[in-house]
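The file protein31.pdb contains PDB, C-alpha atoms and all ligand atoms:
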```pdb
MODEL        1
ATOM      1  CA  MET A   1      35.924 -10.628  -4.605
ATOM      2  CA  SER A   2      37.038 -14.173  -5.189
ATOM      3  CA  GLU A   3      36.858 -15.652  -8.639
ATOM      4  CA  HIS A   4      34.093 -18.095  -9.307
ATOM      5  CA  ASP A   5      33.201 -19.894 -12.468
ATOM      6  CA  SER A   6      30.299 -17.852 -13.608
ATOM      7  CA  THR A   7      27.149 -19.590 -14.670
ATOM      8  CA  VAL A   8      25.105 -16.403 -14.949
ATOM      9  CA  GLY A   9      26.352 -13.471 -16.991
ATOM     10  CA  THR A  10      25.060  -9.917 -16.737
ATOM     11  CA  ALA A  11      24.073  -7.873 -19.771
ATOM     12  CA  SER A  12      27.534  -6.307 -19.892
ATOM     13  CA  GLY A  13      29.132  -9.727 -19.986
ATOM     14  CA  GLU A  14      30.608  -9.287 -16.491
ATOM     15  CA  PRO A  15      30.612 -12.482 -14.519
ATOM     16  CA  SER A  16      28.229 -12.324 -11.607
ATOM     17  CA  ALA A  17      29.504 -13.930  -8.445
ATOM     18  CA  GLU A  18      27.738 -14.512  -5.188
ATOM     19  CA  THR A  19      28.954 -12.415  -2.283
ATOM     20  CA  PRO A  20      29.522 -14.911   0.527
ATOM     21  CA  LEU A  21      28.207 -14.565   4.049
ATOM     22  CA  VAL A  22      30.931 -13.399   6.406
ATOM     23  CA  TRP A  23      30.066 -16.292   8.768
ATOM     24  CA  ASP A  24      31.521 -18.719   6.226
ATOM     25  CA  HIS A  25      34.802 -16.776   6.063
ATOM     26  CA  LEU A  26      35.594 -15.951   9.668
ATOM     27  CA  ALA A  27      38.904 -17.785   9.352
ATOM     28  CA  GLU A  28      40.066 -15.200   6.766
ATOM     29  CA  VAL A  29      38.846 -12.337   8.923
ATOM     30  CA  ARG A  30      40.639 -13.799  11.942
ATOM     31  CA  GLY A  31      43.840 -14.100   9.911
ATOM     32  CA  ARG A  32      43.753 -10.403   9.043
ATOM     33  CA  LEU A  33      43.043  -9.324  12.593
ATOM     34  CA  ARG A  34      45.918 -11.420  13.915
ATOM     35  CA  GLN A  35      48.326  -9.411  11.763
ATOM     36  CA  ALA A  36      46.858  -6.022  12.693
ATOM     37  CA  GLU A  37      48.201  -3.566  15.226
ATOM     38  CA  GLY A  38      44.906  -1.775  15.342
ATOM     39  CA  LEU A  39      41.466  -1.504  13.860
ATOM     40  CA  LEU A  40      39.827   1.351  11.945
ATOM     41  CA  PHE A  41      36.168   0.435  12.341
ATOM     42  CA  GLY A  42      33.874   2.314   9.945
ATOM     43  CA  THR A  43      30.145   1.770  10.006
ATOM     44  CA  ASP A  44      27.082   3.174   8.336
ATOM     45  CA  PHE A  45      24.179   4.230  10.583
ATOM     46  CA  ASP A  46      20.716   3.557   9.078
ATOM     47  CA  GLY A  47      20.064  -0.096   8.336
ATOM     48  CA  THR A  48      23.346  -1.077   9.979
ATOM     49  CA  LEU A  49      23.607   0.289  13.543
ATOM     50  CA  SER A  50      19.857   0.800  13.540
ATOM     51  CA  PRO A  51      17.112  -1.186  11.840
ATOM     52  CA  ILE A  52      15.468   0.532   8.850
ATOM     53  CA  GLU A  53      12.298   2.310   9.946
ATOM     54  CA  GLU A  54       9.425   3.685   7.898
ATOM     55  CA  ASN A  55       9.866   7.084   9.492
ATOM     56  CA  PRO A  56      13.339   8.589   8.863
ATOM     57  CA  GLU A  57      13.105  10.413  12.205
ATOM     58  CA  ALA A  58      12.722   7.179  14.168
ATOM     59  CA  PRO A  59      15.991   5.201  13.844
ATOM     60  CA  GLU A  60      18.185   4.761  16.896
ATOM     61  CA  PRO A  61      21.146   2.429  17.301
ATOM     62  CA  THR A  62      20.251  -0.798  19.082
ATOM     63  CA  ALA A  63      21.343  -1.032  22.716
ATOM     64  CA  GLU A  64      23.682  -3.875  21.788
ATOM     65  CA  ASN A  65      25.352  -1.794  19.062
ATOM     66  CA  LEU A  66      25.817   1.113  21.476
ATOM     67  CA  ARG A  67      27.496  -1.261  23.934
ATOM     68  CA  SER A  68      29.759  -2.566  21.156
ATOM     69  CA  LEU A  69      30.678   0.944  19.973
ATOM     70  CA  ARG A  70      31.544   2.014  23.526
ATOM     71  CA  THR A  71      33.846  -0.970  23.938
ATOM     72  CA  LEU A  72      35.504  -0.189  20.597
ATOM     73  CA  GLN A  73      35.917   3.463  21.582
ATOM     74  CA  ASP A  74      37.488   2.510  24.936
ATOM     75  CA  HIS A  75      40.053   0.225  23.301
ATOM     76  CA  PRO A  76      43.407   1.938  22.627
ATOM     77  CA  GLN A  77      43.922  -0.039  19.405
ATOM     78  CA  VAL A  78      40.577   0.827  17.815
ATOM     79  CA  ARG A  79      39.355   3.954  16.073
ATOM     80  CA  PRO A  80      35.578   3.783  15.496
ATOM     81  CA  ALA A  81      33.793   6.039  13.010
ATOM     82  CA  VAL A  82      30.134   6.338  12.049
ATOM     83  CA  ILE A  83      29.696   7.476   8.444
ATOM     84  CA  SER A  84      26.219   8.431   7.288
ATOM     85  CA  GLY A  85      24.084  10.366   4.862
ATOM     86  CA  ARG A  86      22.544  12.128   7.850
ATOM     87  CA  GLY A  87      23.678  15.571   8.907
ATOM     88  CA  LEU A  88      26.592  15.626  11.327
ATOM     89  CA  ALA A  89      24.659  17.108  14.256
ATOM     90  CA  ASP A  90      21.786  14.661  13.794
ATOM     91  CA  LEU A  91      24.175  11.711  13.614
ATOM     92  CA  ARG A  92      26.178  12.762  16.666
ATOM     93  CA  GLU A  93      22.999  13.161  18.681
ATOM     94  CA  ARG A  94      21.587   9.778  17.659
ATOM     95  CA  VAL A  95      24.747   7.851  18.577
ATOM     96  CA  GLY A  96      25.897  10.109  21.384
ATOM     97  CA  ILE A  97      29.240   8.499  22.240
ATOM     98  CA  GLU A  98      32.121  10.882  22.936
ATOM     99  CA  GLY A  99      35.362  10.263  21.091
ATOM    100  CA  VAL A 100      33.853   8.430  18.120
ATOM    101  CA  ASP A 101      34.502  10.104  14.746
ATOM    102  CA  TYR A 102      31.255  11.170  13.096
ATOM    103  CA  ILE A 103      31.063  11.823   9.379
ATOM    104  CA  GLY A 104      27.804  13.237   8.110
ATOM    105  CA  ASN A 105      26.304  13.988   4.729
ATOM    106  CA  HIS A 106      28.252  11.206   2.990
ATOM    107  CA  GLY A 107      31.570  12.722   3.966
ATOM    108  CA  LEU A 108      30.806  16.401   3.301
ATOM    109  CA  GLU A 109      30.702  17.158   7.019
ATOM    110  CA  LEU A 110      33.517  15.730   9.058
ATOM    111  CA  GLY A 111      33.669  15.606  12.827
ATOM    112  CA  ILE A 112      37.110  14.150  13.440
ATOM    113  CA  ASP A 113      38.763  14.459  16.855
ATOM    114  CA  GLY A 114      35.865  16.690  17.837
ATOM    115  CA  GLN A 115      36.659  19.247  15.079
ATOM    116  CA  ARG A 116      34.016  20.124  12.481
ATOM    117  CA  GLU A 117      34.904  20.689   8.839
ATOM    118  CA  THR A 118      32.739  21.311   5.763
ATOM    119  CA  HIS A 119      33.777  20.807   2.167
ATOM    120  CA  ALA A 120      33.991  24.194   0.337
ATOM    121  CA  ASP A 121      31.824  23.130  -2.628
ATOM    122  CA  ALA A 122      29.181  22.057  -0.149
ATOM    123  CA  ALA A 123      28.815  25.533   1.312
ATOM    124  CA  SER A 124      28.131  27.161  -2.073
ATOM    125  CA  ALA A 125      25.482  24.594  -3.040
ATOM    126  CA  GLU A 126      23.620  25.033   0.235
ATOM    127  CA  PRO A 127      21.250  27.870  -0.847
ATOM    128  CA  LYS A 128      20.414  25.999  -4.084
ATOM    129  CA  ILE A 129      19.531  22.871  -2.151
ATOM    130  CA  ALA A 130      17.335  24.956   0.152
ATOM    131  CA  GLU A 131      15.500  26.449  -2.836
ATOM    132  CA  ILE A 132      14.968  23.009  -4.406
ATOM    133  CA  CYS A 133      13.632  21.651  -1.105
ATOM    134  CA  GLY A 134      11.231  24.578  -0.804
ATOM    135  CA  THR A 135       9.898  23.998  -4.323
ATOM    136  CA  LEU A 136       9.609  20.224  -3.837
ATOM    137  CA  GLY A 137       7.899  20.706  -0.487
ATOM    138  CA  ARG A 138       5.119  22.581  -2.276
ATOM    139  CA  GLN A 139       4.951  20.326  -5.355
ATOM    140  CA  LEU A 140       4.915  17.073  -3.390
ATOM    141  CA  ASP A 141       2.599  18.300  -0.653
ATOM    142  CA  ASP A 142      -0.376  16.354  -2.036
ATOM    143  CA  ILE A 143       1.540  13.080  -2.546
ATOM    144  CA  GLU A 144       1.032  11.333   0.765
ATOM    145  CA  GLY A 145       4.094   9.875   2.461
ATOM    146  CA  THR A 146       6.740  12.009   0.758
ATOM    147  CA  VAL A 147       9.296  13.430   3.195
ATOM    148  CA  VAL A 148      11.536  16.278   2.018
ATOM    149  CA  GLU A 149      14.410  16.468   4.462
ATOM    150  CA  ASN A 150      16.735  19.446   4.084
ATOM    151  CA  LYS A 151      19.981  18.596   5.847
ATOM    152  CA  GLY A 152      21.759  21.860   4.960
ATOM    153  CA  VAL A 153      24.603  20.774   2.695
ATOM    154  CA  THR A 154      22.508  17.889   1.320
ATOM    155  CA  ALA A 155      18.868  16.834   1.230
ATOM    156  CA  THR A 156      16.969  13.570   1.051
ATOM    157  CA  ILE A 157      13.584  13.036  -0.576
ATOM    158  CA  HIS A 158      12.147   9.901   1.021
ATOM    159  CA  TYR A 159       9.426   7.874  -0.705
ATOM    160  CA  ARG A 160       9.383   4.668   1.363
ATOM    161  CA  MET A 161       5.881   5.525   2.605
ATOM    162  CA  VAL A 162       4.562   6.639  -0.797
ATOM    163  CA  ASP A 163       2.006   4.606  -2.762
ATOM    164  CA  ARG A 164       4.011   2.496  -5.281
ATOM    165  CA  GLU A 165       2.086   3.962  -8.226
ATOM    166  CA  GLN A 166       3.215   7.462  -7.322
ATOM    167  CA  VAL A 167       6.926   6.813  -6.764
ATOM    168  CA  GLU A 168       7.840   7.625 -10.354
ATOM    169  CA  THR A 169       5.967  10.942 -10.157
ATOM    170  CA  VAL A 170       7.910  11.891  -7.028
ATOM    171  CA  ARG A 171      11.198  11.044  -8.742
ATOM    172  CA  GLU A 172      10.281  13.048 -11.861
ATOM    173  CA  HIS A 173       9.545  16.108  -9.753
ATOM    174  CA  VAL A 174      12.939  15.812  -8.086
ATOM    175  CA  PHE A 175      14.821  15.494 -11.386
ATOM    176  CA  GLU A 176      12.935  18.482 -12.854
ATOM    177  CA  ALA A 177      13.514  20.710  -9.821
ATOM    178  CA  VAL A 178      17.246  19.954  -9.727
ATOM    179  CA  ASP A 179      17.496  20.560 -13.460
ATOM    180  CA  GLU A 180      15.796  23.955 -13.172
ATOM    181  CA  LEU A 181      17.247  25.246  -9.904
ATOM    182  CA  GLY A 182      20.511  23.417  -9.321
ATOM    183  CA  ASP A 183      22.736  25.393 -11.773
ATOM    184  CA  GLY A 184      24.807  22.268 -12.258
ATOM    185  CA  GLU A 185      25.983  22.446  -8.645
ATOM    186  CA  VAL A 186      23.580  19.831  -7.306
ATOM    187  CA  GLU A 187      23.743  16.110  -8.054
ATOM    188  CA  ILE A 188      21.114  13.426  -7.557
ATOM    189  CA  HIS A 189      22.098  10.072  -6.081
ATOM    190  CA  ASP A 190      19.898   7.035  -5.626
ATOM    191  CA  GLY A 191      19.437   6.064  -1.997
ATOM    192  CA  LYS A 192      17.335   3.388  -0.395
ATOM    193  CA  GLU A 193      13.704   4.330  -1.183
ATOM    194  CA  SER A 194      14.947   7.870  -1.550
ATOM    195  CA  LEU A 195      16.785  10.340  -3.745
ATOM    196  CA  GLU A 196      19.702  12.247  -2.290
ATOM    197  CA  LEU A 197      20.596  15.765  -3.375
ATOM    198  CA  ARG A 198      24.255  16.534  -2.934
ATOM    199  CA  PRO A 199      26.688  19.264  -3.999
ATOM    200  CA  ALA A 200      28.650  18.298  -7.090
ATOM    201  CA  ALA A 201      31.740  17.917  -4.920
ATOM    202  CA  ASP A 202      34.283  15.172  -5.289
ATOM    203  CA  TRP A 203      33.546  13.618  -1.891
ATOM    204  CA  ASP A 204      31.845  10.464  -0.799
ATOM    205  CA  LYS A 205      32.007   7.886   1.985
ATOM    206  CA  GLY A 206      35.115   6.499   0.289
ATOM    207  CA  SER A 207      37.027   9.791   0.552
ATOM    208  CA  ALA A 208      35.876  10.002   4.154
ATOM    209  CA  ILE A 209      37.260   6.646   5.210
ATOM    210  CA  ALA A 210      40.429   7.254   3.196
ATOM    211  CA  GLN A 211      40.953  10.436   5.202
ATOM    212  CA  LEU A 212      40.475   8.526   8.454
ATOM    213  CA  GLN A 213      43.065   5.982   7.349
ATOM    214  CA  GLU A 214      45.666   8.754   7.347
ATOM    215  CA  HIS A 215      45.164   9.094  11.112
ATOM    216  CA  VAL A 216      45.846   5.427  11.800
ATOM    217  CA  ASP A 217      48.476   4.393   9.306
ATOM    218  CA  GLY A 218      48.733   0.646   8.863
ATOM    219  CA  TRP A 219      45.713  -0.266  10.950
ATOM    220  CA  GLN A 220      43.264  -2.816   9.596
ATOM    221  CA  PRO A 221      40.231  -1.065   8.094
ATOM    222  CA  VAL A 222      36.795  -2.619   8.480
ATOM    223  CA  TYR A 223      33.672  -1.163   6.910
ATOM    224  CA  ILE A 224      30.078  -2.291   7.180
ATOM    225  CA  GLY A 225      27.010  -0.756   5.526
ATOM    226  CA  ASP A 226      23.807  -1.467   3.650
ATOM    227  CA  ASP A 227      23.365   1.435   1.252
ATOM    228  CA  THR A 228      24.468   2.121  -2.320
ATOM    229  CA  THR A 229      26.479   5.061  -0.940
ATOM    230  CA  ASP A 230      28.495   2.593   1.163
ATOM    231  CA  GLU A 231      29.940   1.068  -1.999
ATOM    232  CA  ALA A 232      32.437   3.947  -2.294
ATOM    233  CA  ALA A 233      33.752   3.107   1.179
ATOM    234  CA  PHE A 234      34.095  -0.583   0.280
ATOM    235  CA  GLU A 235      36.026   0.354  -2.852
ATOM    236  CA  ALA A 236      38.264   2.803  -0.981
ATOM    237  CA  ILE A 237      39.566   0.141   1.423
ATOM    238  CA  THR A 238      39.724  -2.752  -1.072
ATOM    239  CA  PRO A 239      41.735  -5.017  -1.215
ATOM    240  CA  ASN A 240      43.140  -4.616   2.307
ATOM    241  CA  GLY A 241      39.929  -3.887   4.130
ATOM    242  CA  ILE A 242      37.413  -6.212   5.705
ATOM    243  CA  THR A 243      34.256  -5.153   3.854
ATOM    244  CA  VAL A 244      30.776  -6.309   4.818
ATOM    245  CA  HIS A 245      27.580  -5.445   2.935
ATOM    246  CA  VAL A 246      24.334  -5.639   4.894
ATOM    247  CA  GLY A 247      21.630  -7.213   2.713
ATOM    248  CA  ASP A 248      21.176  -9.337  -0.379
ATOM    249  CA  ASN A 249      22.799  -7.216  -3.058
ATOM    250  CA  HIS A 250      25.365  -9.447  -4.737
ATOM    251  CA  GLU A 251      26.525  -6.569  -6.948
ATOM    252  CA  THR A 252      28.261  -5.065  -3.944
ATOM    253  CA  ALA A 253      31.978  -4.254  -3.935
ATOM    254  CA  ALA A 254      32.202  -5.748  -0.442
ATOM    255  CA  ASP A 255      33.975  -9.074   0.011
ATOM    256  CA  TYR A 256      31.400 -10.417   2.443
ATOM    257  CA  ARG A 257      27.861  -9.798   3.550
ATOM    258  CA  VAL A 258      25.422 -10.343   6.375
ATOM    259  CA  ARG A 259      21.715 -10.702   5.683
ATOM    260  CA  SER A 260      20.213  -7.995   7.889
ATOM    261  CA  SER A 261      20.885  -5.295  10.452
ATOM    262  CA  ALA A 262      20.197  -7.959  13.107
ATOM    263  CA  GLU A 263      23.103  -9.979  11.695
ATOM    264  CA  ALA A 264      25.214  -6.820  11.444
ATOM    265  CA  GLU A 265      24.738  -6.445  15.197
ATOM    266  CA  VAL A 266      25.991  -9.988  15.743
ATOM    267  CA  PHE A 267      29.022  -9.400  13.516
ATOM    268  CA  ILE A 268      29.943  -6.157  15.302
ATOM    269  CA  ARG A 269      29.587  -7.989  18.627
ATOM    270  CA  TRP A 270      31.845 -10.730  17.273
ATOM    271  CA  LEU A 271      34.485  -8.116  16.386
ATOM    272  CA  VAL A 272      34.291  -6.692  19.893
ATOM    273  CA  THR A 273      34.621 -10.035  21.624
ATOM    274  CA  ASP A 274      36.578 -12.481  19.421
ATOM    275  CA  GLY A 275      38.050  -9.905  17.005
ATOM    276  CA  LEU A 276      39.716  -7.559  19.480
ATOM    277  CA  ALA A 277      41.301 -10.461  21.289
ATOM    278  CA  LEU A 278      43.189 -11.321  18.081
ATOM    279  CA  LEU A 279      44.842  -7.935  17.574
ATOM    280  CA  GLU A 280      48.596  -7.934  17.901
ATOM    281  CA  THR A 281      49.615  -6.899  21.376
ATOM    282  CA  VAL A 282      51.608  -3.701  21.250
ATOM    283  CA  ASP A 283      53.738  -1.810  23.741
ATOM    284  CA  ASP A 284      51.910   0.357  26.245
ATOM    285  CA  ASN A 285      53.410   3.496  24.750
ATOM    286  CA  VAL A 286      51.839   2.939  21.328
ATOM    287  CA  SER A 287      48.497   4.638  20.883
ATOM    288  CA  ALA A 288      46.345   6.245  18.219
ATOM    289  CA  THR A 289      47.230   9.774  17.167
TER     290      THR A 289
HETATM  291 MG    MG A 301      22.365   2.639   5.526
ENDMDL
END
```

Go through the file and emit its structure as structure tokens.
Amino acid sequence: MSEHDSTVGTASGEPSAETPLVWDHLAEVRGRLRQAEGLLFGTDFDGTLSPIEENPEAPEPTAENLRSLRTLQDHPQVRPAVISGRGLADLRERVGIEGVDYIGNHGLELGIDGQRETHADAASAEPKIAEICGTLGRQLDDIEGTVVENKGVTATIHYRMVDREQVETVREHVFEAVDELGDGEVEIHDGKESLELRPAADWDKGSAIAQLQEHVDGWQPVYIGDDTTDEAAFEAITPNGITVHVGDNHETAADYRVRSSAEAEVFIRWLVTDGLALLETVDDNVSAT
């Protein structure tokens, strides 16, 4: 993040700086792309490729984003990856483009080059997460709008549709259930209008994109996402990456932001059209491994 003279200080005394809109810094982005031999394009799914929907079962990528992803996938100097809190199978089905890397459950399930891999700690926490989901399903049954989604190695308890006065009750139930049944192997993470249950494994979206970087050494990483879990990915590719937060959170580790998923779509389209044209031309015999 660039240094600004701070006029507003946070409680911790940290200067708070505005995260600028990427539209005002396209010259910098262009400069980076001009020096790049290739592009590692990482993107979140919900709220980025797809608009946020009330119902977690509803989101689909927009037609424009699917077109953009296909063009990225077809380009020999681009490696596209979709990194999400959703389960790997769910994510793959929703996007449905062959050859894209899919990383589900915040990096716990990797589908790279068509191979599936699960983190070892994730497998052992799976039955505990199932038990917690079962208990919460019963306890939260009478709180309208709660969705308990067991994704196997992780789970999400959604409360976007819950009456505001009951949100705290839902959250308390989740913290109690994990405390009683998790045996220290299950962690709670704040999501967007949701709580995520995850194995206490040292993996996140940041480790996921770092692993992808090993496949395309020296390529320019780009990451775009709207969720708190995307912050780890921003941090992992800072300072070399092009990092774009979707939304109004100025506390983000990203260098730039766009205001909405609609603007994210425009930025991704810009990368596909203007951005790709800037990449260094390489010999025909150079390709991604
Ligand atoms: Mg998201």

message: Report as an MDAnalysis selection string all protein, DNA and RNA residues lying within 9 Å of Arg86 in chain A, evaluated on only C-alpha atoms, omitting residues in the same chain fewer than 5 positions from it.
response: chainID A and resid 45:46 91 103:106 151 154:156

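Taking all atoms listed in the file into account, the residues that come within 7 Å of ligand MG 301 (chain A) are Asp44, Phe45, Asp46, Gly47, Thr48, Gly225, Asp226 and Asp227 of chain A.
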
message: Can you translate the PyMOL selection byres (((chain A and resi 158) around 7) and not hetatm) into the concrete residues it hits in this file, as a ChimeraX atom specification?
response: /A:146-148,156-157,159-160,193-195

Saved selection, atoms kept: C-alpha atoms, as a compact mmCIF listing (two decimals), keeping the file's coordinate frame:
```txt
# COMPACT_ATOMS: atom_id res chain seq x y z
CA THR A 146 6.74 12.01 0.76
CA VAL A 147 9.30 13.43 3.20
CA VAL A 148 11.54 16.28 2.02
CA THR A 156 16.97 13.57 1.05
CA ILE A 157 13.58 13.04 -0.58
CA TYR A 159 9.43 7.87 -0.70
CA ARG A 160 9.38 4.67 1.36
CA GLU A 193 13.70 4.33 -1.18
CA SER A 194 14.95 7.87 -1.55
CA LEU A 195 16.78 10.34 -3.74
```

task: Determine, counting all atoms listed in the file, which protein, DNA and RNA residues have an atom within 7 Å of an atom of range 118-132 of chain A; residues of the same chain fewer than 6 positions away are not included. Present the result as a VMD selection string.
output: chain A and resid 108 to 110 150 152 to 155 177 to 178 181 to 182 185 to 186 199 201

Expected selection from the PyMOL selection byres (((chain A and resi 51-65) around 8) and not hetatm), given as a count of residues only: 19
